[in-house]
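So this block is final.txt, compact mmCIF, C-alpha atoms:
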```
# COMPACT_ATOMS: atom_id res chain seq x y z
CA MET A 1 127.31 -32.18 30.67
CA SER A 2 131.09 -31.79 30.39
CA THR A 3 131.06 -28.15 31.58
CA GLN A 4 129.82 -29.06 35.07
CA ALA A 5 133.38 -29.67 36.22
CA ALA A 6 134.72 -26.33 34.92
CA ARG A 7 135.47 -23.50 37.35
CA SER A 8 134.05 -20.90 34.94
CA ILE A 9 132.08 -21.12 31.72
CA LEU A 10 132.37 -18.67 28.86
CA PHE A 11 128.83 -17.84 27.58
CA THR A 12 128.57 -16.43 24.08
CA HIS A 13 125.93 -16.05 21.38
CA THR A 14 125.97 -16.35 17.63
CA THR A 15 124.97 -13.59 15.26
CA PRO A 16 122.59 -13.92 13.56
CA GLN A 17 120.59 -16.29 15.76
CA GLN A 18 119.07 -19.41 14.17
CA GLY A 19 115.30 -19.64 13.66
CA PHE A 20 114.28 -22.43 16.04
CA ARG A 21 110.65 -23.17 16.95
CA LEU A 22 110.19 -25.22 20.10
CA LEU A 23 107.27 -27.68 20.14
CA GLU A 24 106.00 -29.06 23.44
CA LEU A 25 104.71 -32.63 23.08
CA PRO A 26 101.98 -34.15 25.27
CA PRO A 27 103.17 -37.21 27.23
CA ASP A 28 101.16 -39.71 25.16
CA LEU A 29 102.59 -38.52 21.85
CA ALA A 30 106.12 -38.31 23.24
CA GLU A 31 105.80 -41.92 24.40
CA GLN A 32 104.60 -43.03 20.95
CA LEU A 33 107.46 -41.24 19.17
CA SER A 34 110.04 -42.85 21.45
CA SER A 35 108.63 -46.36 20.96
CA LYS A 36 110.09 -49.00 18.65
CA ASN A 37 107.39 -48.31 16.05
CA PRO A 38 106.81 -44.55 16.08
CA PRO A 39 103.78 -43.24 14.18
CA THR A 40 103.97 -41.24 10.97
CA LEU A 41 103.09 -37.60 11.58
CA GLU A 42 101.20 -35.35 9.16
CA LEU A 43 100.80 -31.58 9.10
CA LYS A 44 97.31 -30.83 7.72
CA SER A 45 95.37 -27.63 7.16
CA PRO A 46 92.11 -26.82 5.34
CA ALA A 47 92.35 -26.21 1.61
CA PRO A 48 92.49 -22.47 0.73
CA SER A 49 89.28 -22.90 -1.30
CA LEU A 50 87.39 -24.49 1.60
CA PRO A 51 84.57 -22.11 2.63
CA SER A 52 84.49 -21.19 6.30
CA PRO A 53 81.24 -21.13 8.29
CA ALA A 54 80.14 -17.57 8.94
CA THR A 55 78.58 -18.61 12.24
CA ASN A 56 81.88 -19.61 13.80
CA PRO A 57 84.67 -17.04 13.41
CA GLU A 58 87.08 -19.30 15.29
CA GLU A 59 86.99 -21.83 12.45
CA ALA A 60 87.56 -19.08 9.90
CA ARG A 61 91.10 -18.55 11.18
CA GLU A 62 93.98 -20.31 9.50
CA PHE A 63 95.41 -23.18 11.51
CA VAL A 64 97.55 -26.29 11.22
CA SER A 65 96.92 -29.68 12.81
CA LEU A 66 99.48 -32.33 13.66
CA CYS A 67 97.97 -35.76 13.03
CA THR A 68 98.85 -39.36 13.73
CA ALA A 69 96.81 -42.16 12.19
CA THR A 70 94.10 -41.80 14.86
CA GLN A 71 94.74 -38.58 16.81
CA THR A 72 94.62 -34.88 16.00
CA TYR A 73 96.38 -32.04 17.80
CA ARG A 74 95.80 -28.37 16.99
CA ILE A 75 99.10 -26.46 16.89
CA ARG A 76 98.95 -23.10 18.62
CA GLN A 77 101.57 -20.52 19.55
CA VAL A 78 102.07 -19.58 23.18
CA GLN A 79 103.87 -16.38 24.08
CA SER A 80 106.20 -16.37 27.06
CA SER A 81 107.46 -13.47 29.17
CA ASN A 82 110.73 -15.36 29.65
CA SER A 83 112.69 -16.12 26.52
CA LEU A 84 114.10 -19.61 26.07
CA LEU A 85 117.68 -19.96 24.87
CA VAL A 86 118.85 -22.87 22.77
CA VAL A 87 122.50 -23.39 23.72
CA GLN A 88 125.28 -25.45 22.25
CA PRO A 89 128.23 -26.57 24.40
CA SER A 90 131.73 -26.60 23.00
CA SER A 91 133.21 -29.93 21.99
CA GLY A 92 136.73 -29.16 23.13
CA GLY A 93 138.97 -26.31 24.15
CA VAL A 94 137.85 -22.70 24.08
CA GLN A 95 138.18 -20.94 20.73
CA ARG A 96 138.17 -17.32 21.84
CA GLY A 97 138.98 -15.67 18.52
CA ASP A 98 137.88 -12.03 18.71
CA ILE A 99 135.85 -12.48 21.93
CA SER A 100 136.50 -9.70 24.44
CA ILE A 101 136.15 -10.56 28.13
CA VAL A 102 135.36 -7.67 30.44
CA GLY A 103 135.87 -7.69 34.19
CA GLY A 104 138.94 -9.88 34.77
CA ASP A 105 142.01 -11.53 33.37
CA GLN A 106 141.29 -14.51 31.12
CA ASP A 107 143.94 -16.68 32.81
CA GLU A 108 142.63 -15.88 36.30
CA LEU A 109 139.08 -16.81 35.30
CA GLY A 110 140.21 -20.31 34.41
CA LEU A 111 137.89 -20.60 31.43
CA VAL A 112 138.06 -24.08 29.96
CA GLU A 113 134.64 -24.47 28.29
CA THR A 114 132.27 -22.38 26.20
CA VAL A 115 128.46 -22.45 25.93
CA THR A 116 126.96 -20.61 22.96
CA SER A 117 123.39 -19.44 22.51
CA VAL A 118 122.36 -20.27 18.95
CA SER A 119 118.68 -19.27 19.17
CA LYS A 120 116.40 -17.11 21.31
CA CYS A 121 112.75 -18.20 21.40
CA GLY A 122 110.16 -15.77 22.75
CA SER A 123 107.31 -18.21 22.14
CA THR A 124 106.70 -21.94 21.94
CA LEU A 125 104.32 -24.18 20.06
CA GLU A 126 102.01 -26.49 21.95
CA LEU A 127 99.64 -29.24 20.86
CA HIS A 128 96.06 -28.72 22.00
CA THR A 129 93.15 -31.14 22.04
CA PRO A 130 89.76 -29.69 23.14
CA ALA A 131 87.58 -31.63 25.54
CA GLU A 132 85.03 -32.40 22.80
CA GLY A 133 87.76 -33.68 20.49
CA PHE A 134 87.93 -33.22 16.73
CA SER A 135 85.48 -34.23 14.04
CA ALA A 136 85.82 -34.37 10.27
CA VAL A 137 82.08 -33.90 9.75
CA PRO A 138 81.95 -30.04 9.71
CA PHE A 139 84.71 -29.92 7.09
CA MET A 140 83.23 -32.68 4.94
CA GLU A 141 79.81 -31.04 5.00
CA ARG A 142 81.38 -28.02 3.27
CA ILE A 143 83.44 -30.09 0.82
CA LEU A 144 80.99 -32.73 -0.38
CA SER A 145 78.14 -32.16 -2.81
CA VAL A 146 74.64 -32.97 -1.53
CA TYR A 147 72.79 -35.84 -3.23
CA ASP A 148 69.06 -35.18 -2.95
CA VAL A 149 67.36 -37.52 -5.46
CA VAL A 150 65.05 -40.12 -3.92
CA SER A 151 64.28 -43.41 -5.65
CA SER A 152 60.78 -42.35 -6.77
CA GLU A 153 62.28 -39.43 -8.71
CA GLY A 154 64.98 -41.49 -10.39
CA SER A 155 68.59 -40.48 -10.90
CA GLY A 156 67.96 -39.50 -14.51
CA GLN A 157 71.17 -41.16 -15.74
CA GLU A 158 72.84 -44.51 -16.02
CA GLU A 159 75.37 -45.34 -13.36
CA GLU A 160 78.82 -46.59 -14.29
CA ASP A 161 81.16 -48.65 -12.19
CA ILE A 162 84.19 -46.88 -10.71
CA ASP A 163 87.56 -48.52 -10.92
CA PRO A 164 88.59 -49.48 -7.34
CA ILE A 165 92.02 -47.88 -7.70
CA GLU A 166 90.48 -44.69 -9.08
CA ARG A 167 87.96 -44.62 -6.24
CA GLN A 168 90.75 -45.03 -3.71
CA GLU A 169 92.76 -42.16 -5.22
CA VAL A 170 89.73 -39.86 -5.28
CA LEU A 171 88.94 -40.57 -1.64
CA GLN A 172 92.53 -40.03 -0.51
CA ARG A 173 92.74 -36.67 -2.30
CA VAL A 174 89.52 -35.46 -0.70
CA LEU A 175 90.53 -36.56 2.80
CA ALA A 176 93.87 -34.78 2.39
CA ASP A 177 92.00 -31.45 2.69
CA VAL A 178 90.35 -32.39 5.98
CA PRO A 179 92.61 -31.26 8.87
CA VAL A 180 92.05 -34.22 11.20
CA SER A 181 93.59 -37.67 11.46
CA ARG A 182 93.03 -40.42 8.91
CA GLY A 183 90.93 -42.46 11.35
CA GLN A 184 88.72 -39.48 12.19
CA CYS A 185 88.32 -38.69 8.49
CA GLU A 186 87.10 -42.21 7.83
CA GLN A 187 84.73 -42.02 10.79
CA GLY A 188 83.28 -38.76 9.48
CA TRP A 189 82.89 -40.26 6.01
CA ILE A 190 80.91 -43.17 7.47
CA GLU A 191 78.81 -40.90 9.68
CA LEU A 192 77.71 -38.79 6.70
CA CYS A 193 77.01 -41.86 4.52
CA ALA A 194 79.33 -40.28 1.97
CA PHE A 195 80.03 -42.12 -1.27
CA VAL A 196 81.97 -41.81 -4.53
CA ARG A 197 80.38 -41.75 -7.95
CA PRO A 198 81.18 -39.85 -11.17
CA ARG A 199 79.34 -36.58 -11.68
CA GLY A 200 76.92 -36.65 -14.59
CA GLU A 201 76.97 -34.10 -17.37
CA THR A 202 73.74 -32.52 -16.13
CA GLU A 203 74.97 -32.14 -12.56
CA THR A 204 76.87 -28.90 -12.17
CA GLU A 205 76.46 -27.77 -8.56
CA GLY A 206 78.92 -28.47 -5.75
CA GLY A 207 82.64 -29.17 -5.89
CA GLN A 208 85.03 -29.32 -8.78
CA ASP A 209 87.62 -31.80 -10.05
CA VAL A 210 87.76 -35.00 -7.94
CA LYS A 211 85.58 -33.46 -5.24
CA GLY A 212 82.73 -33.48 -7.73
CA TRP A 213 82.80 -37.27 -7.49
CA CYS A 214 82.14 -37.31 -3.75
CA TRP A 215 78.66 -36.91 -2.33
CA ARG A 216 76.74 -36.92 0.92
CA PRO A 217 73.03 -37.80 0.81
CA SER A 218 70.38 -35.55 2.31
CA ALA A 219 68.30 -36.80 5.23
CA ARG A 220 65.32 -37.65 3.04
CA VAL A 221 67.52 -39.72 0.70
CA LYS A 222 69.01 -41.67 3.61
CA VAL A 223 65.52 -42.39 4.93
CA ASP A 224 64.38 -43.50 1.47
CA VAL A 225 67.35 -45.88 1.03
CA TRP A 226 66.86 -47.37 4.48
CA LYS A 227 63.11 -47.81 4.01
CA ARG A 228 63.61 -49.74 0.76
CA ALA A 229 66.29 -51.88 2.42
CA VAL A 230 63.89 -52.84 5.24
CA GLU A 231 61.11 -53.63 2.75
CA GLY A 232 63.50 -55.69 0.63
CA SER A 233 64.76 -57.63 3.65
CA VAL A 234 61.18 -58.59 4.54
CA LEU A 235 60.42 -59.78 1.02
CA GLN A 236 63.63 -61.83 0.77
CA GLY A 237 63.58 -63.12 4.37
CA ILE A 238 66.85 -61.41 5.34
CA ASP A 239 67.36 -60.96 9.09
CA LEU A 240 69.11 -57.58 9.40
CA GLY A 241 70.16 -58.38 12.97
CA LYS A 242 72.28 -61.32 11.82
CA GLN A 243 75.12 -61.52 9.34
CA PHE A 244 73.95 -61.29 5.74
CA LEU A 245 75.37 -60.80 2.27
CA VAL A 246 75.19 -57.15 1.24
CA SER A 247 74.77 -58.22 -2.39
CA ASP A 248 71.59 -60.16 -1.41
CA LEU A 249 70.13 -57.06 0.24
CA TRP A 250 71.08 -54.95 -2.79
CA ARG A 251 69.27 -57.33 -5.15
CA SER A 252 66.20 -57.13 -2.90
CA VAL A 253 65.85 -53.36 -3.54
CA LEU A 254 66.31 -53.50 -7.32
CA GLU A 255 63.26 -52.66 -9.38
CA GLU A 256 61.70 -54.90 -12.00
CA GLY A 257 64.11 -55.46 -14.85
CA GLY A 258 67.07 -54.98 -12.52
CA GLU A 259 66.97 -51.18 -12.67
CA GLU A 260 68.80 -49.40 -9.85
CA PRO A 261 66.58 -47.06 -7.78
CA TYR A 262 69.70 -45.16 -6.67
CA PRO A 263 73.49 -45.58 -6.98
CA GLN A 264 74.82 -48.77 -5.42
CA PRO A 265 77.67 -46.87 -3.61
CA LEU A 266 74.94 -44.84 -1.85
CA PHE A 267 73.20 -48.03 -0.74
CA GLU A 268 76.47 -49.46 0.63
CA ALA A 269 77.23 -46.18 2.43
CA VAL A 270 73.90 -46.36 4.32
CA VAL A 271 74.46 -50.03 5.20
CA ARG A 272 77.98 -49.25 6.37
CA ARG A 273 76.64 -46.46 8.61
CA VAL A 274 74.28 -48.74 10.55
CA CYS A 275 76.22 -52.01 10.63
CA GLU A 276 78.44 -53.13 13.48
CA SER A 277 82.06 -52.03 13.56
CA GLY A 278 84.46 -54.45 11.95
CA SER A 279 86.75 -55.03 9.02
CA GLU A 280 83.90 -54.85 6.49
CA ARG A 281 82.64 -51.57 7.91
CA ASP A 282 86.02 -49.91 8.25
CA ARG A 283 87.52 -50.85 4.87
CA LEU A 284 87.09 -47.59 3.01
CA LEU A 285 90.27 -47.09 1.05
CA ASP A 286 90.91 -50.55 -0.34
CA GLY A 287 88.39 -49.96 -3.15
CA THR A 288 86.47 -53.22 -2.61
CA LYS A 289 82.73 -53.51 -2.16
CA MET A 290 81.18 -54.65 1.10
CA LYS A 291 80.53 -58.39 1.25
CA TRP A 292 79.13 -59.18 4.68
CA ALA A 293 77.30 -56.99 7.19
CA SER A 294 75.51 -57.28 10.52
CA ILE A 295 73.47 -54.33 11.74
CA HIS A 296 73.69 -53.03 15.31
CA LYS A 297 70.06 -52.90 16.45
CA THR A 298 70.25 -50.12 19.06
CA ASN A 299 72.58 -47.83 17.14
CA CYS A 300 70.64 -48.35 13.93
CA ALA A 301 67.28 -47.57 15.55
CA ARG A 302 68.71 -44.36 17.04
CA TRP A 303 70.14 -43.30 13.68
CA VAL A 304 66.87 -44.05 11.88
CA GLY A 305 64.89 -42.01 14.41
CA GLU A 306 67.18 -38.98 14.20
CA THR A 307 67.39 -39.15 10.41
CA CYS A 308 63.60 -39.41 10.08
CA LEU A 309 63.17 -36.40 12.34
CA GLU A 310 65.73 -34.40 10.36
CA ALA A 311 63.92 -35.25 7.12
CA MET A 312 60.45 -34.49 8.50
CA ALA A 313 61.09 -31.51 10.80
CA PRO A 314 64.57 -30.01 10.29
CA THR A 315 63.72 -26.72 12.05
CA SER A 316 61.36 -25.34 14.68
CA ALA A 317 59.22 -23.78 11.93
CA SER A 318 58.57 -27.23 10.46
CA ALA A 319 57.90 -29.01 13.77
CA ILE A 320 55.48 -31.94 13.61
CA GLY A 321 53.33 -33.75 16.11
CA ARG A 322 55.27 -35.99 18.47
CA ASP A 323 52.92 -38.93 17.90
CA ASP A 324 53.22 -38.55 14.12
CA PHE A 325 57.00 -38.71 14.38
CA LEU A 326 56.97 -41.79 16.63
CA LYS A 327 54.63 -43.54 14.20
CA ALA A 328 56.87 -42.74 11.21
CA TRP A 329 59.95 -43.88 13.14
CA ARG A 330 58.23 -47.16 14.02
CA ASN A 331 57.24 -47.77 10.40
CA HIS A 332 60.87 -47.51 9.28
CA LEU A 333 62.11 -50.33 11.52
CA PRO A 334 61.77 -54.11 11.31
CA GLU A 335 58.83 -55.27 13.39
CA SER A 336 61.03 -56.98 15.99
CA TRP A 337 62.96 -53.72 16.57
CA GLN A 338 60.00 -51.46 17.31
CA ASP A 339 60.54 -51.60 21.06
CA GLU A 340 63.48 -49.22 20.42
CA VAL A 341 61.08 -46.41 19.46
CA LYS A 342 61.38 -44.16 22.51
CA LEU A 343 62.49 -40.55 22.73
CA SER A 344 64.91 -41.55 25.47
CA LYS A 345 66.78 -43.65 22.89
CA LEU A 346 67.70 -40.58 20.82
CA THR A 347 70.96 -38.70 21.28
CA GLU A 348 70.82 -36.04 23.98
CA ASN A 349 69.92 -32.58 22.62
CA SER A 350 69.20 -33.99 19.15
CA TYR A 351 65.59 -32.79 19.36
CA LYS A 352 63.43 -30.21 21.10
CA HIS A 353 59.77 -29.48 21.68
CA PRO A 354 58.75 -26.05 20.30
CA GLU A 355 55.36 -26.80 21.86
CA PRO A 356 54.37 -29.49 24.37
CA THR A 357 52.99 -31.82 21.67
CA THR A 358 55.39 -31.05 18.79
CA ILE A 359 58.97 -32.02 18.06
CA CYS A 360 61.74 -30.98 15.68
CA PHE A 361 65.35 -31.85 14.91
CA VAL A 362 68.33 -29.94 16.35
CA ASN A 363 71.42 -29.89 14.15
CA GLU A 364 74.95 -30.21 15.49
CA PRO A 365 75.92 -26.48 15.38
CA ASP A 366 72.80 -25.60 17.40
CA ARG A 367 73.59 -28.39 19.88
CA GLN A 368 77.06 -26.93 20.44
CA LYS A 369 75.59 -23.46 20.94
CA ALA A 370 73.13 -24.85 23.48
CA LYS A 371 75.95 -26.57 25.37
CA LYS A 372 77.97 -23.35 25.46
CA ASN A 373 74.96 -21.37 26.68
CA VAL A 374 74.26 -23.92 29.42
CA SER A 375 77.92 -23.83 30.46
CA THR A 376 77.90 -20.01 30.51
CA ASP A 377 74.66 -19.88 32.50
CA ALA A 378 76.01 -22.42 34.99
CA SER A 379 79.20 -20.41 35.46
CA ALA A 380 77.22 -17.21 35.94
CA ALA A 381 74.92 -18.90 38.46
CA THR A 382 77.91 -20.26 40.39
CA ALA A 383 79.55 -16.84 40.43
CA ALA A 384 76.34 -15.21 41.61
CA LYS A 385 75.96 -17.80 44.34
CA LYS A 386 79.50 -17.19 45.55
CA THR A 387 78.87 -13.46 45.53
CA ARG A 388 75.70 -13.87 47.58
CA ASN A 389 77.48 -16.16 49.98
CA TRP A 390 80.23 -13.58 50.39
CA HIS A 391 77.72 -10.85 51.18
CA GLU A 392 75.98 -13.10 53.66
CA LEU A 393 79.33 -13.84 55.30
CA PHE A 394 80.16 -10.13 55.36
CA LYS A 395 76.80 -9.36 56.98
CA ASN A 396 77.34 -12.02 59.62
CA GLN A 397 80.75 -10.60 60.48
CA LYS A 398 79.24 -7.10 60.90
CA ARG A 399 76.54 -8.47 63.17
CA GLN A 400 79.12 -10.23 65.33
CA LYS A 401 81.07 -6.98 65.78
CA HIS A 402 77.95 -5.18 66.96
```
What would the structure in this file look like if it were written as structure tokens?
Amino acid sequence: MSTQAARSILFTHTTPQQGFRLLELPPDLAEQLSSKNPPTLELKSPAPSLPSPATNPEEAREFVSLCTATQTYRIRQVQSSNSLLVVQPSSGGVQRGDISIVGGDQDELGLVETVTSVSKCGSTLELHTPAEGFSAVPFMERILSVYDVVSSEGSGQEEEDIDPIERQEVLQRVLADVPVSRGQCEQGWIELCAFVRPRGETETEGGQDVKGWCWRPSARVKVDVWKRAVEGSVLQGIDLGKQFLVSDLWRSVLEEGGEEPYPQPLFEAVVRRVCESGSERDRLLDGTKMKWASIHKTNCARWVGETCLEAMAPTSASAIGRDDFLKAWRNHLPESWQDEVKLSKLTENSYKHPEPTTICFVNEPDRQKAKKNVSTDASAATAAKKTRNWHELFKNQKRQKH
């Protein structure tokens, strides 16, 4: 800084001050922004019309997220007891103008440079990422309409093909209202088996405008689609554990006369959910249909088990016998995969036993509550232990004095 060589520095401030907001960047993001190919940043917030869950008041608050293609940071304001000044050094000689200097002669002070405060910031903005990370699923569950028509009931209407470009535009507009990164939005879309199809004239519930074209199937629909896919693969000799043509599997589930038991985009969404990660699985926005797929045995078996349990026993009140569930789970897998049917293969905390011989599904909000309760109980137990240890230590010291 040029003022370091000056004997004295004239410090002034502008009036009015400029409205600066200081943003503290985490090291990883700062490194990305200073690289040769910096990422594009997006500021995203939930749509004003997006309903907030009544069970979580924290999510009901307005917020803004800063997103890269794959990462999400929640922006939050941090108050500081010490104000930060944004200063601007002079570029040349001192321009005193109407500045009055108190406490000495200007020539004796030897002022040769000026530093001016242009903004006073009493708070800063920081980027926060919680330990559990961010997920698009809770937001999408409130945006997307639920599709709950199994193949035996029929869709009640003829399906029409969606133009790939139109499908891509619809999907992009929906994801724009989800305040997480593009990559996390796509992951949430895959996890929910979401799909795009035009809303029929008789279907009136759910979203409006383009959101009315986007759906997420219920658990019983996902189980129904998967069951027909397994049955079709057996009839056509398709090995689901090896690479296969998705169009061949689709033809295997068609009814006599070529009638569709459910929308083809729904079928592809279920296949995409259980197949191995790769270009075919991750291509969501290019508007093309899946061509090849290869299903991940372990991940698929886990998903089938949890989805079956959600469809059969979504709450404690509807709990079913543990053996009945294991039998149903086994019947929904290819014969060579049935060694995966073990409760230990399911996601931790995804189920519970209301009674020793019964079982039911635990949804994600309840899992998070359970984790928080366990964490709170552990903290309380640790605090109590420390308190007891302190009293024991205090007693020992009293005994030593006596």
Requested in this report: Would you mind telling me which residue in A:Glu24, A:Glu306, A:Glu259, A:Asp177 lies nearest to A:Leu125 when using only C-alpha atoms?
Outcome: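 Looking only at the distances to A:Leu125, the closest residue turns out to be A:Glu24.
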Report task. Give me the residues within 9 Å of A:Gly19 as a ChimeraX atom specification, counting only C-alpha atoms and dropping any in the same chain fewer than 6 places off. Result -> /A:118-121
Do you have, as CSV, the list of residues of stretch 241-344 of chain A lying at most 12 Å from stretch 214-231 of chain A, each with its nearest atom pair and that distance in Å to one decimal, counting all atoms listed in the file and ordered by chain then number?
```
residue,atom,partner,partner_atom,distance
A:Gly241,CA,A:Val230,CA,11.4
A:Val246,CA,A:Ala229,CA,10.4
A:Ser247,CA,A:Ala229,CA,11.6
A:Asp248,CA,A:Ala229,CA,10.6
A:Leu249,CA,A:Ala229,CA,6.8
A:Trp250,CA,A:Ala229,CA,7.7
A:Arg251,CA,A:Ala229,CA,9.8
A:Ser252,CA,A:Ala229,CA,7.5
A:Val253,CA,A:Arg228,CA,6.1
A:Leu254,CA,A:Arg228,CA,9.3
A:Glu255,CA,A:Arg228,CA,10.6
A:Glu260,CA,A:Val225,CA,11.5
A:Pro261,CA,A:Val225,CA,8.9
A:Tyr262,CA,A:Val225,CA,8.1
A:Pro263,CA,A:Val225,CA,10.1
A:Gln264,CA,A:Val225,CA,10.3
A:Pro265,CA,A:Trp215,CA,10.1
A:Leu266,CA,A:Pro217,CA,7.8
A:Phe267,CA,A:Val225,CA,6.5
A:Glu268,CA,A:Val225,CA,9.8
A:Ala269,CA,A:Arg216,CA,9.4
A:Val270,CA,A:Lys222,CA,6.8
A:Val271,CA,A:Trp226,CA,8.1
A:Arg272,CA,A:Trp226,CA,11.4
A:Arg273,CA,A:Lys222,CA,10.3
A:Val274,CA,A:Trp226,CA,9.7
A:Ile295,CA,A:Val230,CA,11.7
A:Cys300,CA,A:Trp226,CA,10.2
A:Ala301,CA,A:Trp226,CA,11.1
A:Trp303,CA,A:Val223,CA,9.9
A:Val304,CA,A:Val223,CA,7.3
A:Gly305,CA,A:Val223,CA,9.5
A:Glu306,CA,A:Ala219,CA,9.3
A:Thr307,CA,A:Ala219,CA,5.8
A:Cys308,CA,A:Val223,CA,6.3
A:Leu309,CA,A:Ala219,CA,8.8
A:Glu310,CA,A:Ala219,CA,6.2
A:Ala311,CA,A:Arg220,CA,4.9
A:Met312,CA,A:Arg220,CA,8.0
A:Ala313,CA,A:Ala219,CA,10.5
A:Pro314,CA,A:Ala219,CA,9.3
A:Ala328,CA,A:Val223,CA,10.7
A:Trp329,CA,A:Val223,CA,10.0
A:Arg330,CA,A:Lys227,CA,11.2
A:Asn331,CA,A:Lys227,CA,8.7
A:His332,CA,A:Lys227,CA,5.7
A:Leu333,CA,A:Val230,CA,7.0
A:Pro334,CA,A:Val230,CA,6.6
A:Glu335,CA,A:Val230,CA,9.9
A:Ser336,CA,A:Val230,CA,11.9
A:Trp337,CA,A:Val230,CA,11.4
```
With C-alpha atoms retained, write the just-selected residues as a compact mmCIF listing (two decimals), in the frame of the given file.
```txt
# COMPACT_ATOMS: atom_id res chain seq x y z
CA GLY A 241 70.16 -58.38 12.97
CA VAL A 246 75.19 -57.15 1.24
CA SER A 247 74.77 -58.22 -2.39
CA ASP A 248 71.59 -60.16 -1.41
CA LEU A 249 70.13 -57.06 0.24
CA TRP A 250 71.08 -54.95 -2.79
CA ARG A 251 69.27 -57.33 -5.15
CA SER A 252 66.20 -57.13 -2.90
CA VAL A 253 65.85 -53.36 -3.54
CA LEU A 254 66.31 -53.50 -7.32
CA GLU A 255 63.26 -52.66 -9.38
CA GLU A 260 68.80 -49.40 -9.85
CA PRO A 261 66.58 -47.06 -7.78
CA TYR A 262 69.70 -45.16 -6.67
CA PRO A 263 73.49 -45.58 -6.98
CA GLN A 264 74.82 -48.77 -5.42
CA PRO A 265 77.67 -46.87 -3.61
CA LEU A 266 74.94 -44.84 -1.85
CA PHE A 267 73.20 -48.03 -0.74
CA GLU A 268 76.47 -49.46 0.63
CA ALA A 269 77.23 -46.18 2.43
CA VAL A 270 73.90 -46.36 4.32
CA VAL A 271 74.46 -50.03 5.20
CA ARG A 272 77.98 -49.25 6.37
CA ARG A 273 76.64 -46.46 8.61
CA VAL A 274 74.28 -48.74 10.55
CA ILE A 295 73.47 -54.33 11.74
CA CYS A 300 70.64 -48.35 13.93
CA ALA A 301 67.28 -47.57 15.55
CA TRP A 303 70.14 -43.30 13.68
CA VAL A 304 66.87 -44.05 11.88
CA GLY A 305 64.89 -42.01 14.41
CA GLU A 306 67.18 -38.98 14.20
CA THR A 307 67.39 -39.15 10.41
CA CYS A 308 63.60 -39.41 10.08
CA LEU A 309 63.17 -36.40 12.34
CA GLU A 310 65.73 -34.40 10.36
CA ALA A 311 63.92 -35.25 7.12
CA MET A 312 60.45 -34.49 8.50
CA ALA A 313 61.09 -31.51 10.80
CA PRO A 314 64.57 -30.01 10.29
CA ALA A 328 56.87 -42.74 11.21
CA TRP A 329 59.95 -43.88 13.14
CA ARG A 330 58.23 -47.16 14.02
CA ASN A 331 57.24 -47.77 10.40
CA HIS A 332 60.87 -47.51 9.28
CA LEU A 333 62.11 -50.33 11.52
CA PRO A 334 61.77 -54.11 11.31
CA GLU A 335 58.83 -55.27 13.39
CA SER A 336 61.03 -56.98 15.99
CA TRP A 337 62.96 -53.72 16.57
```
Query raised in the report: Mind pulling up the distance from atom CA of A:Cys360 to atom CA of A:Asp323?
Result: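 About the pair atom CA of A:Asp323 and atom CA of A:Cys360: they are 12.1 Å apart.
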Requested in this report: Work out how far atom CA of A:Ser45 is from atom CA of A:Leu85, in Å to one decimal.
Outcome: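 A separation of 29.5 Å between them.
For the pair atom CA of A:Leu326 and atom CA of A:Val341, the separation is 6.8 Å.
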Query - Shell around A:Leu284 at 10 Å using only C-alpha atoms, local window under 4 positions removed, as JSON, numbers by chain - result: {"A": [167, 168, 171, 172, 186, 187, 189, 190, 195, 269, 272, 279, 280, 288, 289, 290]}
Write the residues of the preceding selection, restricted to C-alpha atoms, as a PDB file, keeping the file's coordinate frame.
```
ATOM      1  CA  ARG A 167      87.960 -44.620  -6.240  1.00  0.00           C
ATOM      2  CA  GLN A 168      90.750 -45.030  -3.710  1.00  0.00           C
ATOM      3  CA  LEU A 171      88.940 -40.570  -1.640  1.00  0.00           C
ATOM      4  CA  GLN A 172      92.530 -40.030  -0.510  1.00  0.00           C
ATOM      5  CA  GLU A 186      87.100 -42.210   7.830  1.00  0.00           C
ATOM      6  CA  GLN A 187      84.730 -42.020  10.790  1.00  0.00           C
ATOM      7  CA  TRP A 189      82.890 -40.260   6.010  1.00  0.00           C
ATOM      8  CA  ILE A 190      80.910 -43.170   7.470  1.00  0.00           C
ATOM      9  CA  PHE A 195      80.030 -42.120  -1.270  1.00  0.00           C
ATOM     10  CA  ALA A 269      77.230 -46.180   2.430  1.00  0.00           C
ATOM     11  CA  ARG A 272      77.980 -49.250   6.370  1.00  0.00           C
ATOM     12  CA  SER A 279      86.750 -55.030   9.020  1.00  0.00           C
ATOM     13  CA  GLU A 280      83.900 -54.850   6.490  1.00  0.00           C
ATOM     14  CA  THR A 288      86.470 -53.220  -2.610  1.00  0.00           C
ATOM     15  CA  LYS A 289      82.730 -53.510  -2.160  1.00  0.00           C
ATOM     16  CA  MET A 290      81.180 -54.650   1.100  1.00  0.00           C
TER      17      MET A 290
END
```
